[in-house]
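Here is the structure we will look at, set down as structure tokens.
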Amino acid sequence: MKARPKADPVANRVTGAHESALAAHEQDQLSAARVVASRATGVEDCAELLGMLGLARAVGLPVTEAPIRH
């Protein structure tokens with residue numbers, strides 16, 4: 001019978017902390033998007049504000065990358 005490798009508790013804690021931080025970030029972005037949407041004057045205004053603030057992807061809006069200037 002082979003001995004199973006022990007799980008690295010530090011790596012598991014780091015992974016868990018990272019996953020928790022990502023989930024918290026996602027929740028913060030959704031909360032911010034709700035605030036922006038509640039203050040927008042219309043659909044176009046809301047979409048533009050979310051895009052400018054980098055929140056469009058968080059709410060599932062299409063995101064276009066700005067062209068690179070030379």
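By convention here, the chains of the structure tokens are called A, B, ... in the order presented, each chain's residues are numbered starting at 1, and ligands are numbered starting at 1 in the order presented.
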- prompt: Which residues, written as JSON, numbers by chain, have at least one atom at most 9 Å from segment 27-31 of chain A, with only C-alpha atoms counted and residues fewer than 6 positions away on the same chain left out?
  reply: {"A": [55, 58, 59]}
task: Extract, using only C-alpha atoms, all DNA, RNA and protein residues at most 12 Å from segment 38-49 of chain A, discarding same-chain residues fewer than 5 positions from it, and format them as an MDAnalysis selection string.
output: chainID A and resid 31:33 54:64
Next, write the just-selected residues to a file, as an mmCIF file, in the first residue's frame, keeping N, CA and C atoms as the atom set.
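out.cif was written with the following content:
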```cif
data_model
loop_
_atom_site.group_PDB
_atom_site.id
_atom_site.type_symbol
_atom_site.label_atom_id
_atom_site.label_comp_id
_atom_site.auth_asym_id
_atom_site.auth_seq_id
_atom_site.Cartn_x
_atom_site.Cartn_y
_atom_site.Cartn_z
ATOM 1 N N SER A 31 -22.549 45.069 -6.758
ATOM 2 C CA SER A 31 -23.132 46.127 -5.935
ATOM 3 C C SER A 31 -22.886 47.496 -6.558
ATOM 4 N N ALA A 32 -21.680 47.722 -7.033
ATOM 5 C CA ALA A 32 -21.352 48.991 -7.681
ATOM 6 C C ALA A 32 -22.184 49.173 -8.943
ATOM 7 N N ALA A 33 -22.371 48.112 -9.707
ATOM 8 C CA ALA A 33 -23.169 48.192 -10.926
ATOM 9 C C ALA A 33 -24.619 48.538 -10.606
ATOM 10 N N GLY A 54 -15.539 50.180 -15.916
ATOM 11 C CA GLY A 54 -15.000 48.823 -15.955
ATOM 12 C C GLY A 54 -15.922 47.793 -15.329
ATOM 13 N N LEU A 55 -17.214 48.077 -15.299
ATOM 14 C CA LEU A 55 -18.177 47.171 -14.676
ATOM 15 C C LEU A 55 -19.034 46.434 -15.695
ATOM 16 N N ALA A 56 -18.864 46.730 -16.965
ATOM 17 C CA ALA A 56 -19.713 46.128 -17.996
ATOM 18 C C ALA A 56 -19.581 44.602 -18.014
ATOM 19 N N ARG A 57 -18.376 44.110 -17.925
ATOM 20 C CA ARG A 57 -18.154 42.655 -17.968
ATOM 21 C C ARG A 57 -18.812 41.968 -16.755
ATOM 22 N N ALA A 58 -18.826 42.653 -15.621
ATOM 23 C CA ALA A 58 -19.386 42.068 -14.394
ATOM 24 C C ALA A 58 -20.884 41.820 -14.516
ATOM 25 N N VAL A 59 -21.568 42.616 -15.344
ATOM 26 C CA VAL A 59 -23.013 42.447 -15.493
ATOM 27 C C VAL A 59 -23.380 41.781 -16.811
ATOM 28 N N GLY A 60 -22.373 41.324 -17.564
ATOM 29 C CA GLY A 60 -22.622 40.558 -18.781
ATOM 30 C C GLY A 60 -22.801 41.379 -20.040
ATOM 31 N N LEU A 61 -22.435 42.649 -20.014
ATOM 32 C CA LEU A 61 -22.503 43.461 -21.226
ATOM 33 C C LEU A 61 -21.282 43.198 -22.084
ATOM 34 N N PRO A 62 -21.439 43.308 -23.408
ATOM 35 C CA PRO A 62 -20.272 43.115 -24.273
ATOM 36 C C PRO A 62 -19.247 44.219 -24.033
ATOM 37 N N VAL A 63 -17.999 43.844 -24.067
ATOM 38 C CA VAL A 63 -16.919 44.791 -23.813
ATOM 39 C C VAL A 63 -16.051 44.872 -25.059
ATOM 40 N N THR A 64 -15.822 46.083 -25.532
ATOM 41 C CA THR A 64 -14.927 46.279 -26.668
ATOM 42 C C THR A 64 -13.643 46.896 -26.159
#
```
query: How many Å separate atom CA of Leu53 of chain A from atom CA of Ala21 of chain A?
result: 20.0 Å
- request: Quick one: pick out all helix (DSSP H, G or I) residues within segment 9-68 of chain A from a backbone DSSP run and write them as a PyMOL selection string.
  value: chain A and resi 9-39+43-52+57-59
Include N, CA and C atoms and write out the residues we just selected as a short mmCIF file (atom, residue, chain, number, x, y, z; two decimals), in the first residue's frame.
```
data_model
loop_
_atom_site.label_atom_id
_atom_site.label_comp_id
_atom_site.auth_asym_id
_atom_site.auth_seq_id
_atom_site.Cartn_x
_atom_site.Cartn_y
_atom_site.Cartn_z
N PRO A 9 -1.31 22.17 3.70
CA PRO A 9 -2.32 23.04 4.30
C PRO A 9 -2.12 24.51 3.97
N VAL A 10 -0.88 24.93 3.77
CA VAL A 10 -0.64 26.33 3.43
C VAL A 10 -1.17 26.63 2.03
N ALA A 11 -0.92 25.74 1.09
CA ALA A 11 -1.41 25.94 -0.28
C ALA A 11 -2.93 25.95 -0.30
N ASN A 12 -3.55 25.07 0.48
CA ASN A 12 -5.01 25.03 0.54
C ASN A 12 -5.57 26.33 1.13
N ARG A 13 -4.91 26.87 2.15
CA ARG A 13 -5.35 28.13 2.75
C ARG A 13 -5.22 29.26 1.76
N VAL A 14 -4.12 29.28 1.02
CA VAL A 14 -3.89 30.34 0.04
C VAL A 14 -4.93 30.25 -1.07
N THR A 15 -5.19 29.04 -1.55
CA THR A 15 -6.19 28.86 -2.59
C THR A 15 -7.57 29.27 -2.09
N GLY A 16 -7.90 28.88 -0.89
CA GLY A 16 -9.19 29.25 -0.30
C GLY A 16 -9.32 30.76 -0.13
N ALA A 17 -8.26 31.40 0.31
CA ALA A 17 -8.27 32.85 0.49
C ALA A 17 -8.42 33.55 -0.86
N HIS A 18 -7.75 33.02 -1.88
CA HIS A 18 -7.84 33.61 -3.22
C HIS A 18 -9.26 33.48 -3.77
N GLU A 19 -9.86 32.32 -3.60
CA GLU A 19 -11.23 32.11 -4.07
C GLU A 19 -12.20 33.01 -3.33
N SER A 20 -11.99 33.19 -2.04
CA SER A 20 -12.85 34.08 -1.25
C SER A 20 -12.70 35.52 -1.71
N ALA A 21 -11.47 35.93 -2.00
CA ALA A 21 -11.23 37.29 -2.46
C ALA A 21 -11.88 37.52 -3.83
N LEU A 22 -11.80 36.55 -4.72
CA LEU A 22 -12.45 36.68 -6.03
C LEU A 22 -13.97 36.80 -5.89
N ALA A 23 -14.55 35.99 -5.02
CA ALA A 23 -16.00 36.05 -4.81
C ALA A 23 -16.40 37.40 -4.22
N ALA A 24 -15.62 37.91 -3.28
CA ALA A 24 -15.91 39.21 -2.68
C ALA A 24 -15.79 40.32 -3.72
N HIS A 25 -14.79 40.23 -4.59
CA HIS A 25 -14.60 41.23 -5.65
C HIS A 25 -15.80 41.22 -6.61
N GLU A 26 -16.25 40.04 -6.96
CA GLU A 26 -17.41 39.92 -7.85
C GLU A 26 -18.65 40.54 -7.21
N GLN A 27 -18.85 40.27 -5.93
CA GLN A 27 -19.99 40.86 -5.23
C GLN A 27 -19.89 42.38 -5.17
N ASP A 28 -18.68 42.90 -4.94
CA ASP A 28 -18.47 44.35 -4.91
C ASP A 28 -18.78 44.97 -6.27
N GLN A 29 -18.36 44.31 -7.33
CA GLN A 29 -18.63 44.83 -8.68
C GLN A 29 -20.13 44.85 -8.97
N LEU A 30 -20.83 43.81 -8.56
CA LEU A 30 -22.27 43.77 -8.79
C LEU A 30 -22.99 44.85 -7.98
N SER A 31 -22.55 45.07 -6.76
CA SER A 31 -23.13 46.13 -5.94
C SER A 31 -22.89 47.50 -6.56
N ALA A 32 -21.68 47.72 -7.03
CA ALA A 32 -21.35 48.99 -7.68
C ALA A 32 -22.18 49.17 -8.94
N ALA A 33 -22.37 48.11 -9.71
CA ALA A 33 -23.17 48.19 -10.93
C ALA A 33 -24.62 48.54 -10.61
N ARG A 34 -25.15 48.01 -9.51
CA ARG A 34 -26.52 48.35 -9.11
C ARG A 34 -26.65 49.82 -8.77
N VAL A 35 -25.65 50.36 -8.08
CA VAL A 35 -25.67 51.78 -7.73
C VAL A 35 -25.62 52.63 -9.00
N VAL A 36 -24.74 52.27 -9.93
CA VAL A 36 -24.64 53.01 -11.19
C VAL A 36 -25.97 52.94 -11.94
N ALA A 37 -26.56 51.77 -12.01
CA ALA A 37 -27.82 51.60 -12.73
C ALA A 37 -28.94 52.43 -12.08
N SER A 38 -28.93 52.52 -10.77
CA SER A 38 -29.98 53.28 -10.09
C SER A 38 -29.84 54.78 -10.30
N ARG A 39 -28.63 55.23 -10.63
CA ARG A 39 -28.39 56.66 -10.82
C ARG A 39 -28.40 57.08 -12.29
N VAL A 43 -31.07 53.71 -20.38
CA VAL A 43 -30.34 52.48 -20.71
C VAL A 43 -28.98 52.80 -21.32
N GLU A 44 -28.95 53.73 -22.26
CA GLU A 44 -27.68 54.07 -22.91
C GLU A 44 -26.71 54.70 -21.91
N ASP A 45 -27.23 55.57 -21.05
CA ASP A 45 -26.40 56.21 -20.02
C ASP A 45 -25.82 55.15 -19.09
N CYS A 46 -26.66 54.21 -18.69
CA CYS A 46 -26.21 53.14 -17.80
C CYS A 46 -25.11 52.31 -18.44
N ALA A 47 -25.31 51.89 -19.69
CA ALA A 47 -24.31 51.08 -20.38
C ALA A 47 -23.00 51.83 -20.53
N GLU A 48 -23.09 53.12 -20.86
CA GLU A 48 -21.89 53.92 -21.02
C GLU A 48 -21.14 54.08 -19.69
N LEU A 49 -21.87 54.35 -18.63
CA LEU A 49 -21.23 54.49 -17.32
C LEU A 49 -20.58 53.19 -16.86
N LEU A 50 -21.29 52.08 -17.03
CA LEU A 50 -20.73 50.79 -16.64
C LEU A 50 -19.46 50.50 -17.42
N GLY A 51 -19.46 50.83 -18.71
CA GLY A 51 -18.27 50.62 -19.53
C GLY A 51 -17.11 51.48 -19.07
N MET A 52 -17.39 52.75 -18.79
CA MET A 52 -16.32 53.66 -18.36
C MET A 52 -15.73 53.24 -17.02
N ARG A 57 -18.38 44.11 -17.92
CA ARG A 57 -18.15 42.65 -17.97
C ARG A 57 -18.81 41.97 -16.75
N ALA A 58 -18.83 42.65 -15.62
CA ALA A 58 -19.39 42.07 -14.39
C ALA A 58 -20.88 41.82 -14.52
N VAL A 59 -21.57 42.62 -15.34
CA VAL A 59 -23.01 42.45 -15.49
C VAL A 59 -23.38 41.78 -16.81
#
```
